[in-house]
Structures are given as structure tokens and as C-alpha cells.
file input_29.pdb (PDB, C-alpha atoms, pLDDT in the B column)
ATOM      1  CA  MET H 172       0.000   0.000   0.000  1.00 77.00           C
ATOM      2  CA  LYS H 173       2.929   2.371   0.620  1.00 81.00           C
ATOM      3  CA  HIS H 174       3.999   1.943  -2.995  1.00 85.00           C
ATOM      4  CA  ASN H 175       0.463   2.809  -4.159  1.00 85.00           C
ATOM      5  CA  LEU H 176       0.481   5.890  -1.931  1.00 84.00           C
ATOM      6  CA  PHE H 177       3.422   7.326  -3.882  1.00 85.00           C
ATOM      7  CA  LYS H 178       2.247   5.972  -7.223  1.00 88.00           C
ATOM      8  CA  ASN H 179      -1.295   7.392  -7.007  1.00 90.00           C
ATOM      9  CA  TRP H 180      -0.660  10.452  -4.855  1.00 91.00           C
ATOM     10  CA  SER H 181      -2.426  12.923  -7.163  1.00 91.00           C
ATOM     11  CA  ILE H 182      -5.735  11.062  -7.238  1.00 92.00           C
ATOM     12  CA  ILE H 183      -5.479  10.507  -3.481  1.00 94.00           C
ATOM     13  CA  VAL H 184      -5.170  14.282  -3.026  1.00 94.00           C
ATOM     14  CA  THR H 185      -8.118  14.795  -5.370  1.00 95.00           C
ATOM     15  CA  GLY H 186     -10.218  12.325  -3.395  1.00 96.00           C
ATOM     16  CA  ALA H 187      -9.271  14.084  -0.162  1.00 97.00           C
ATOM     17  CA  GLU H 188     -10.294  17.426  -1.695  1.00 95.00           C
ATOM     18  CA  ILE H 189     -13.689  15.974  -2.608  1.00 96.00           C
ATOM     19  CA  ILE H 190     -14.116  14.624   0.927  1.00 97.00           C
ATOM     20  CA  MET H 191     -13.211  18.051   2.331  1.00 95.00           C
ATOM     21  CA  ILE H 192     -15.691  19.945   0.160  1.00 93.00           C
ATOM     22  CA  GLY H 193     -18.387  17.449   1.134  1.00 93.00           C
ATOM     23  CA  ALA H 194     -17.556  17.936   4.814  1.00 93.00           C
ATOM     24  CA  PHE H 195     -17.576  21.715   4.321  1.00 90.00           C
ATOM     25  CA  PHE H 196     -21.055  21.647   2.817  1.00 87.00           C
ATOM     26  CA  ILE H 197     -22.354  19.348   5.545  1.00 89.00           C
ATOM     27  CA  ALA H 198     -21.012  21.755   8.171  1.00 88.00           C
ATOM     28  CA  ASN H 199     -22.242  24.831   6.240  1.00 82.00           C
ATOM     29  CA  SER H 200     -25.454  23.652   4.616  1.00 70.00           C
ATOM     30  CA  PHE H 201     -27.459  25.906   2.343  1.00 65.00           C
ATOM     31  CA  ARG H 202     -24.567  28.278   1.572  1.00 66.00           C
ATOM     32  CA  PHE H 203     -25.983  29.254  -1.803  1.00 65.00           C
ATOM     33  CA  ALA H 204     -28.553  32.003  -2.022  1.00 59.00           C
ATOM     34  CA  ARG H 205     -31.778  31.018  -3.699  1.00 58.00           C
ATOM     35  CA  PRO H 206     -32.202  33.397  -6.653  1.00 54.00           C
ATOM     36  CA  ASP H 207     -34.640  32.708  -9.469  1.00 57.00           C
ATOM     37  CA  ILE H 208     -32.329  30.807 -11.803  1.00 56.00           C
ATOM     38  CA  PHE H 209     -31.473  28.342  -9.048  1.00 54.00           C
ATOM     39  CA  SER H 210     -34.632  26.268  -9.437  1.00 51.00           C
ATOM     40  CA  SER H 211     -32.563  23.369 -10.718  1.00 58.00           C
ATOM     41  CA  LEU H 212     -29.743  21.225  -9.380  1.00 56.00           C
ATOM     42  CA  ALA H 213     -27.533  24.245  -8.775  1.00 66.00           C
ATOM     43  CA  SER H 214     -29.722  25.398  -5.903  1.00 70.00           C
ATOM     44  CA  HIS H 215     -29.399  22.053  -4.137  1.00 75.00           C
ATOM     45  CA  ILE H 216     -25.742  21.278  -4.762  1.00 80.00           C
ATOM     46  CA  ASP H 217     -24.780  22.503  -1.287  1.00 79.00           C
ATOM     47  CA  ASP H 218     -27.438  20.462   0.522  1.00 82.00           C
ATOM     48  CA  PRO H 219     -26.407  17.591   2.839  1.00 86.00           C
ATOM     49  CA  PRO H 220     -27.472  14.731   0.495  1.00 89.00           C
ATOM     50  CA  PHE H 221     -25.172  15.984  -2.269  1.00 89.00           C
ATOM     51  CA  ALA H 222     -22.402  16.641   0.247  1.00 90.00           C
ATOM     52  CA  THR H 223     -22.776  13.075   1.509  1.00 94.00           C
ATOM     53  CA  ILE H 224     -22.467  11.797  -2.055  1.00 95.00           C
ATOM     54  CA  ASP H 225     -19.252  13.820  -2.364  1.00 95.00           C
ATOM     55  CA  ILE H 226     -17.858  12.201   0.773  1.00 96.00           C
ATOM     56  CA  VAL H 227     -18.752   8.720  -0.479  1.00 97.00           C
ATOM     57  CA  VAL H 228     -17.265   9.335  -3.942  1.00 97.00           C
ATOM     58  CA  GLY H 229     -14.127  10.864  -2.426  1.00 97.00           C
ATOM     59  CA  THR H 230     -13.726   7.890  -0.102  1.00 97.00           C
ATOM     60  CA  VAL H 231     -14.115   5.425  -2.982  1.00 97.00           C
ATOM     61  CA  ILE H 232     -11.482   7.357  -4.949  1.00 96.00           C
ATOM     62  CA  VAL H 233      -9.015   7.336  -2.047  1.00 96.00           C
ATOM     63  CA  VAL H 234      -9.542   3.625  -1.294  1.00 95.00           C
ATOM     64  CA  SER H 235      -9.260   2.643  -4.954  1.00 95.00           C
ATOM     65  CA  ALA H 236      -6.010   4.614  -5.213  1.00 93.00           C
ATOM     66  CA  LEU H 237      -4.551   3.204  -2.010  1.00 94.00           C
ATOM     67  CA  TYR H 238      -5.278  -0.373  -3.039  1.00 94.00           C
ATOM     68  CA  ASP H 239      -4.622   0.285  -6.750  1.00 90.00           C
ATOM     69  CA  ILE H 240      -7.977  -1.025  -7.940  1.00 91.00           C
ATOM     70  CA  ARG H 241      -7.583  -0.298 -11.643  1.00 89.00           C
ATOM     71  CA  PRO H 242     -11.236  -0.508 -12.782  1.00 90.00           C
ATOM     72  CA  LEU H 243     -12.243   2.008 -10.105  1.00 90.00           C
ATOM     73  CA  LEU H 244      -9.239   4.231 -10.776  1.00 90.00           C
ATOM     74  CA  ARG H 245     -10.278   4.435 -14.411  1.00 89.00           C
ATOM     75  CA  TRP H 246     -13.586   5.987 -13.315  1.00 93.00           C
ATOM     76  CA  SER H 247     -12.116   8.129 -10.540  1.00 93.00           C
ATOM     77  CA  TYR H 248     -10.830  10.871 -12.823  1.00 93.00           C
ATOM     78  CA  PRO H 249     -14.098  11.459 -14.720  1.00 94.00           C
ATOM     79  CA  ALA H 250     -16.093  11.355 -11.476  1.00 95.00           C
ATOM     80  CA  ALA H 251     -13.763  13.865  -9.826  1.00 96.00           C
ATOM     81  CA  ALA H 252     -13.775  16.141 -12.878  1.00 95.00           C
ATOM     82  CA  PHE H 253     -17.578  16.030 -12.996  1.00 95.00           C
ATOM     83  CA  ILE H 254     -17.867  16.981  -9.318  1.00 94.00           C
ATOM     84  CA  TRP H 255     -15.480  19.932  -9.639  1.00 94.00           C
ATOM     85  CA  VAL H 256     -17.035  21.206 -12.876  1.00 93.00           C
ATOM     86  CA  ALA H 257     -20.508  20.953 -11.322  1.00 90.00           C
ATOM     87  CA  TYR H 258     -19.408  22.959  -8.293  1.00 89.00           C
ATOM     88  CA  GLY H 259     -17.605  25.465 -10.513  1.00 89.00           C
ATOM     89  CA  LEU H 260     -20.730  25.979 -12.600  1.00 87.00           C
ATOM     90  CA  ALA H 261     -22.898  26.329  -9.500  1.00 84.00           C
ATOM     91  CA  PHE H 262     -20.582  28.981  -8.073  1.00 83.00           C
ATOM     92  CA  MET H 263     -20.445  30.712 -11.461  1.00 84.00           C
ATOM     93  CA  LEU H 264     -24.265  30.796 -11.696  1.00 81.00           C
ATOM     94  CA  GLN H 265     -24.455  32.277  -8.231  1.00 78.00           C
ATOM     95  CA  ASN H 266     -21.887  34.911  -9.139  1.00 79.00           C
ATOM     96  CA  ILE H 267     -23.814  35.836 -12.292  1.00 79.00           C
ATOM     97  CA  GLU H 268     -27.111  36.115 -10.467  1.00 76.00           C
ATOM     98  CA  LEU H 269     -25.917  37.946  -7.385  1.00 75.00           C
ATOM     99  CA  MET H 270     -22.987  40.027  -8.676  1.00 76.00           C
ATOM    100  CA  GLY H 271     -23.544  40.262 -12.412  1.00 75.00           C
ATOM    101  CA  HIS H 272     -20.156  38.805 -13.348  1.00 76.00           C
ATOM    102  CA  PRO H 273     -19.355  35.098 -13.751  1.00 74.00           C
ATOM    103  CA  PHE H 274     -15.930  35.188 -12.122  1.00 73.00           C
ATOM    104  CA  ALA H 275     -16.573  37.832  -9.472  1.00 73.00           C
ATOM    105  CA  LEU H 276     -15.274  35.763  -6.572  1.00 78.00           C
ATOM    106  CA  LEU H 277     -12.281  33.498  -6.139  1.00 83.00           C
ATOM    107  CA  ASP H 278     -14.340  30.389  -5.327  1.00 81.00           C
ATOM    108  CA  CYS H 279     -15.431  29.900  -8.942  1.00 84.00           C
ATOM    109  CA  TRP H 280     -11.847  30.189 -10.196  1.00 89.00           C
ATOM    110  CA  LEU H 281     -10.664  27.646  -7.632  1.00 91.00           C
ATOM    111  CA  MET H 282     -13.292  25.064  -8.604  1.00 90.00           C
ATOM    112  CA  PHE H 283     -12.445  25.339 -12.285  1.00 93.00           C
ATOM    113  CA  ALA H 284      -8.699  25.242 -11.550  1.00 94.00           C
ATOM    114  CA  ILE H 285      -9.102  21.974  -9.647  1.00 94.00           C
ATOM    115  CA  ALA H 286     -11.272  20.590 -12.450  1.00 94.00           C
ATOM    116  CA  ALA H 287      -8.620  21.553 -15.008  1.00 95.00           C
ATOM    117  CA  ARG H 288      -5.914  19.905 -12.906  1.00 94.00           C
ATOM    118  CA  VAL H 289      -7.927  16.688 -12.668  1.00 93.00           C
ATOM    119  CA  ILE H 290      -8.598  16.670 -16.424  1.00 93.00           C
ATOM    120  CA  ILE H 291      -4.925  17.275 -17.237  1.00 93.00           C
ATOM    121  CA  GLU H 292      -3.854  14.515 -14.836  1.00 89.00           C
ATOM    122  CA  SER H 293      -6.310  12.077 -16.374  1.00 88.00           C
ATOM    123  CA  TRP H 294      -5.092  12.985 -19.844  1.00 88.00           C
ATOM    124  CA  ALA H 295      -1.444  12.572 -18.819  1.00 83.00           C
ATOM    125  CA  GLY H 296      -2.020   9.092 -17.414  1.00 71.00           C
ATOM    126  CA  ASP H 297       0.109   7.280 -14.880  1.00 60.00           C
ATOM    127  CA  ASP H 298       2.676   5.609 -17.107  1.00 48.00           C
TER     128      ASP H 298
END

call {"tool": "encode", "arguments": {"input": "input_29.pdb", "output": "C-alpha cells"}}
result
Amino acid sequence: MKHNLFKNWSIIVTGAEIIMIGAFFIANSFRFARPDIFSSLASHIDDPPFATIDIVVGTVIVVSALYDIRPLLRWSYPAAAFIWVAYGLAFMLQNIELMGHPFALLDCWLMFAIAARVIIESWAGDD
């Protein structure tokens, strides 16, 4: 397992980040304001059920990386990228609605930066 820790360190960090954002949204539920355009998934993305799903997905990613379970690792990158893009879009929608500019706050930039890092890592591979 120690070898897998060094071999898969980037996806382990990504899984830990997903666990942390899930824990943050469980501790700080309903962070998003509820403007008119948030009648869809974006208005509920900070609710405890979605945060719990984040924690479960992050845990599966970390365990699959620690034990080098290749079929799960293959799906870890797209799942992580989807989570970070979804959060980035939700933060961007909130910024547009409340501040009039898509990238008004740093949180949106951070979500998309993590998503870009995950996509680049998945493209680069582990060989």
C-alpha cells in the first residue's frame, strides 16, 4: 500500500479534496442564495445529500487509489472532474445572479482550476 500511496498520490489528493468539500457543505449547509435561476440542481448542490455523495465518492477514490484497484481508478478521474465542474458551474451561476459577473469571486476560479488539474492529470495518465 505504501507503494500505491506514492504511485497514485495525485488522485489521493483529489479524493481528499472531494471529501473536504463534502464535509464543508455538511457543516455549512445551504450556503448558496436562492435566486430565481437556481430552481434546478444548482440550488441544491450545497445540501447535505449531495455533500454526503461527495464524501462517499471521495472515499471510494481514495480507497481505490490506495489499493490500486484499476477498474475504479479508471472511473475516478471522470467522477472527480464532474464533481469539480458541477461545483464550478454552480458557483459561477451564483456569481452571475448575485454580482452580475461570472468570475466575481475566487471560489469559482478555484473550482475550475481543480477541475482543469484533474482533467490534465487524467489525460497525462500514470505511465

call {"tool": "resolve_selection", "arguments": {"input": "input_29.pdb", "expression": "the PyMOL selection byres ((chain H and resi 178-190) around 6)", "output": "PyMOL selection string"}}
result
chain H and resi 175-177+191-193+225-226+229+232-233+236

call {"tool": "closest_residue", "arguments": {"input": "input_29.pdb", "among": "H:Met282, H:Val231, H:Val289, H:Ile224", "to": "Ala261 (chain H)", "atoms": "only C-alpha atoms"}}
result
H:Met282

call {"tool": "resolve_selection", "arguments": {"input": "input_29.pdb", "expression": "the PyMOL selection byres ((chain H and resi 197) around 10)", "output": "list of chain:residue names"}}
result
H:Met191, H:Ile192, H:Gly193, H:Ala194, H:Phe195, H:Phe196, H:Ala198, H:Asn199, H:Ser200, H:Phe201, H:Asp217, H:Asp218, H:Pro219, H:Pro220, H:Phe221, H:Ala222, H:Thr223, H:Ile226

call {"tool": "atom_distance", "arguments": {"input": "input_29.pdb", "atom1": "CA of Tyr248 (chain H)", "atom2": "CA of Val234 (chain H)"}}
result
13.7 Å

call {"tool": "closest_residue", "arguments": {"input": "input_29.pdb", "among": "H:Cys279, H:Trp294, H:Ser235, H:Val227", "to": "Gly259 (chain H)", "atoms": "all atoms listed in the file"}}
result
H:Cys279

call {"tool": "residues_around", "arguments": {"input": "input_29.pdb", "residues": "Ala252 (chain H)", "least_positions_apart": "2", "cutoff": "10 Å", "atoms": "only C-alpha atoms", "output": "number ranges by chain"}}
result
H: 185, 247-250, 254-258, 282-283, 285-291, 293
